[in-house]
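Undergrad: This structure is in structure tokens; I'll ask about it shortly.
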Amino acid sequence: MINDILIIARKDLKEVISSRGSYRSGLMYLLIVIGVMGIMMPLSSGRIWLTEPLIPLVWAWFPILLVINVVTDSFAGERERNTLETLLASRLSDRSILFGKITASVIYGWGLGMISNLIAVITVNVADPGPKFQFYDPLVYLALVIFPLLACLLMSSVGVLVSLNAPTARAAYQKLSLVMLAVIIIPTLIGNFAGEKIAQQLTLIFKGVNFIQLGIGVALVILVVDGFLIWLAMQRFKRARLILE
Amino acid sequence: MDYAIQTKKISKSFGQIKAVDQVSFEVQPGTIFGFLGPNGSGKTTTIRLLLGLLEPTEGSSNVMGFDPLSEGQKVRENCGALLEHTGLYERLTALENLDFYGRVWHLSSEERKNRIKELLEKVDLYNRRDEIVKGWSRGMKQKLAVSRVMLHRPKVIFLDEPTAGLDPVASSAFRDDLLNLVQHSGVTVFLTTHNLTEAEKLCQQVGVIKNGKLIMVGSPDELKLLKRSAVTEIVGSGFTDGLITSINQLRGIESVVLQDHHLRITFTEGADSSFLVPFLVQQGVLIEEVRKGKASLEDVFLTMMEEEND
């Protein structure tokens, strides 16, 4: 089954990269993304890029945006381009296809995030050389590896469910973008309208919090939600159902 | 295993609509079976049932000894399918398309390379293997899709209206390629079509389906004989008015027309015509030539559809 998953993931990644007309233009797009996230942004921030605790949040959002593109193209796009039924008529199991597609979107988003992340470290050290090569704090780096991975998995699972109900890849992309906007805008609005008193109370609460424990707790919650959404996707991703849809 | 494909009173309903209704037939291994019917008659649903992509409402089926309902994966392992759409990844090249499915079928790297070369050479696409499929004509895509179907040497292949949308030249070339591909492999082909000429040229057996019901199964020749109003034309001399009156009074005769030295006799459907020549000889007619008229499969098919409508 793992071999089958990788076969699907490989094909989906090829399709995504060639979606801009050719592999060349697809790779150019990837280079631009890596250039912006791995060179331009760290250059403008300097060494603070490696020490600011909010940086992991930046890295967690960036791969999610990439995942949305792949997951919608992979699920809704495959149906829209009339290739899904042929795939379902092959020897591959429903689960291999489902997990192959999730793997492709996670590899794409998380992988690009990780590559950009490492290039950012080199960029900062080259642009602003210190006495020795500077890297993230090990715990921050662990968070940089784990949170984007969980976030990609989460968005990928949501993407599967949205794509299964969307008539086209574009419609699925728009729906997922709205979900993303809601996730970003709602906390911002709450923050703006909550008032000074509530903000102060929240600051007090966070002052006493052990961030390692909080991180582990949040990661576990995301993991449970991921598991539930993947289970839900497995229930929805059934041959007979997909054929009739 | 006597049959490559066998269905027993298989049905599939979607709500109140019976897409396939108590369909039973058998397909011998190594033959091309044509499944004929108008649009929406249940052809594609039957293929989906046989591939285990849909669960039947009732009845059972068997493909290469496996039950599609409980052993769908084994059925699909033994089959190849070219469904309503080509199913090609148009952003990828021809080679990448075949390579992907080669991997899906777990062909080794060497095997994939050789098999892809062999198949693409047969359909004259090997030199274009590195081209993106998107810009190709429908005929080329169909040829590539058939190559994909044959890639893993399936024992049964399902082709759902493979020449739909192709021009006559491309259709003819496609048929030749298909025959070329299947003749040497001993594969069983289940072909749905509403192109009767195609069925007549390719198929050893045909089944006619309408509104989900299988109306008839047999060889194209059997079907033609079974349903036509037979016409016998006799060239000779000695045809008198009295003789024509006598023939008209015989059982099973629909009409008798004499034109020059040609006597054209139309029999009612299913009537036995074997008595005619001895009868004419007995009456003193000198017979030079006897021709039995043959209705095309298309005539028969249209008659069947009209009868069902009545």
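By convention here, the chains of the structure tokens are called A, B, ... in the order presented, each chain's residues are numbered starting at 1, and ligands are numbered starting at 1 in the order presented.
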Might you pull out every residue within 10 Å of segment 121-138 of chain A, with only C-alpha atoms counted and same-chain residues fewer than 2 positions away left off, and present them as a VMD selection string?
TA: chain A and resid 38 to 53 116 to 119 140 to 144
Undergrad: Could the residues of chain A within 6 Å of chain B, counting only C-alpha atoms, be given as a ChimeraX atom specification, please?
TA: /A:82-83,86,90-91,239-240
Undergrad: Could you jot down the atom CA of Asp12 of chain A to atom CA of Ile115 of chain A separation for me, Å, one decimal place?
TA: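 These atoms are spaced 19.6 Å apart.
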Undergrad: At a cut-off of 12 Å, using only C-alpha atoms, what residues contact Ala166 of chain A? Leave out same-chain residues fewer than 6 positions from it and give the result as a list in words.
TA: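 These residues fall inside the cut-off: Thr72, Asp73, Phe75, Ala76, Gly77, Glu78, Arg79, Glu80, Gly159, Val160, Ala172, Tyr173, Gln174, Lys175, Leu176 and Glu245 of chain A.
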Undergrad: Could you please take those selected residues and save N, CA and C atoms as an mmCIF file, in the first residue's frame?
TA:
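And here is the file that came out, out_20.cif:
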data_model
loop_
_atom_site.group_PDB
_atom_site.id
_atom_site.type_symbol
_atom_site.label_atom_id
_atom_site.label_comp_id
_atom_site.auth_asym_id
_atom_site.auth_seq_id
_atom_site.Cartn_x
_atom_site.Cartn_y
_atom_site.Cartn_z
ATOM 1 N N THR A 72 -6.856 20.784 -3.857
ATOM 2 C CA THR A 72 -8.049 21.011 -4.690
ATOM 3 C C THR A 72 -7.807 20.508 -6.109
ATOM 4 N N ASP A 73 -6.593 20.745 -6.611
ATOM 5 C CA ASP A 73 -6.269 20.279 -7.965
ATOM 6 C C ASP A 73 -6.263 18.751 -8.012
ATOM 7 N N PHE A 75 -7.893 16.504 -6.021
ATOM 8 C CA PHE A 75 -9.180 15.807 -5.850
ATOM 9 C C PHE A 75 -10.231 16.309 -6.839
ATOM 10 N N ALA A 76 -10.639 17.583 -6.654
ATOM 11 C CA ALA A 76 -11.687 18.122 -7.531
ATOM 12 C C ALA A 76 -11.188 18.179 -8.973
ATOM 13 N N GLY A 77 -9.897 18.512 -9.142
ATOM 14 C CA GLY A 77 -9.326 18.612 -10.480
ATOM 15 C C GLY A 77 -9.318 17.273 -11.199
ATOM 16 N N GLU A 78 -8.986 16.226 -10.476
ATOM 17 C CA GLU A 78 -8.940 14.885 -11.086
ATOM 18 C C GLU A 78 -10.333 14.485 -11.598
ATOM 19 N N ARG A 79 -11.348 14.854 -10.825
ATOM 20 C CA ARG A 79 -12.722 14.543 -11.258
ATOM 21 C C ARG A 79 -13.125 15.446 -12.424
ATOM 22 N N GLU A 80 -12.756 16.710 -12.311
ATOM 23 C CA GLU A 80 -13.114 17.686 -13.350
ATOM 24 C C GLU A 80 -12.480 17.322 -14.693
ATOM 25 N N GLY A 159 -9.345 20.013 2.872
ATOM 26 C CA GLY A 159 -9.368 20.152 1.416
ATOM 27 C C GLY A 159 -10.012 18.958 0.735
ATOM 28 N N VAL A 160 -9.742 17.765 1.238
ATOM 29 C CA VAL A 160 -10.349 16.551 0.656
ATOM 30 C C VAL A 160 -11.860 16.647 0.783
ATOM 31 N N ALA A 172 -13.597 24.516 -5.397
ATOM 32 C CA ALA A 172 -13.018 23.983 -4.160
ATOM 33 C C ALA A 172 -11.969 24.942 -3.609
ATOM 34 N N TYR A 173 -11.172 25.507 -4.504
ATOM 35 C CA TYR A 173 -10.116 26.450 -4.090
ATOM 36 C C TYR A 173 -10.737 27.678 -3.434
ATOM 37 N N GLN A 174 -11.822 28.165 -4.056
ATOM 38 C CA GLN A 174 -12.487 29.358 -3.501
ATOM 39 C C GLN A 174 -13.068 29.070 -2.123
ATOM 40 N N LYS A 175 -13.690 27.894 -1.988
ATOM 41 C CA LYS A 175 -14.269 27.531 -0.685
ATOM 42 C C LYS A 175 -13.188 27.446 0.384
ATOM 43 N N LEU A 176 -12.086 26.785 0.025
ATOM 44 C CA LEU A 176 -10.999 26.624 1.002
ATOM 45 C C LEU A 176 -10.364 27.964 1.354
ATOM 46 N N GLU A 245 -21.141 10.472 -7.996
ATOM 47 C CA GLU A 245 -21.044 11.931 -7.858
ATOM 48 C C GLU A 245 -20.504 12.547 -9.141
#
Undergrad: Could you state the separation of atom CA of Glu58 of chain B and atom CA of Gln204 of chain B in Å, given to one decimal place?
TA: 28.1 Å
Undergrad: Can you work out which one of B:Lys43, B:Val169, B:Ser13, B:Thr7 has the shortest atom-to-atom distance to Ser60 of chain B, counting only C-alpha atoms?
TA: B:Thr7
Undergrad: What is the atom CA of Gly37 of chain B-atom CA of Pro154 of chain B distance in Å, reported with one decimal?
TA: 25.4 Å
Undergrad: Taking only segment 79-148 of chain B into account, list the residues labelled strand (DSSP E or B) by DSSP (computed from the backbone), as a ChimeraX atom specification.
TA: /B:79-82,93,132
Undergrad: I need the chosen residues saved as a tab-separated table (two decimals), in the first residue's frame, with N, CA and C atoms.
TA:
chain	number	residue	atom	x	y	z
B	79	CYS	N	-8.36	-6.81	-15.24
B	79	CYS	CA	-9.04	-6.10	-16.33
B	79	CYS	C	-8.35	-4.78	-16.67
B	80	GLY	N	-8.66	-4.31	-17.86
B	80	GLY	CA	-8.28	-2.95	-18.25
B	80	GLY	C	-9.55	-2.26	-18.71
B	81	ALA	N	-9.61	-0.96	-18.55
B	81	ALA	CA	-10.85	-0.28	-18.92
B	81	ALA	C	-10.58	1.06	-19.60
B	82	LEU	N	-11.22	1.23	-20.73
B	82	LEU	CA	-11.27	2.54	-21.38
B	82	LEU	C	-12.72	2.98	-21.27
B	93	THR	N	3.12	13.88	-20.40
B	93	THR	CA	3.43	13.37	-21.73
B	93	THR	C	2.84	11.96	-21.88
B	132	ILE	N	3.38	16.48	-24.61
B	132	ILE	CA	2.25	16.63	-23.69
B	132	ILE	C	0.98	16.20	-24.43
Undergrad: Closest to Ile253 of chain B among B:Gly270, B:Gly238, B:Gly40, B:Pro68, using only C-alpha atoms?
TA: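 Closest residue, counting only C-alpha atoms: B:Gly270.
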Undergrad: Considering only C-alpha atoms, return as a list in words whatever protein or nucleic-acid residues lie within 12 Å of Lys18 of chain B, sequence-local ones (same chain, fewer than 2 positions apart) excluded.
TA: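 Once the nearby chain positions are removed, what remains is Ile10, Ser11, Lys12, Ser13, Phe14, Gly15, Gln16, Val20, Asp21, Gln22, Val23, Gly40, Ser41, Gly42, Thr45, Thr46, Pro56, Thr57, Glu58, Lys210, Asn211, Gly212 and Lys213 of chain B.
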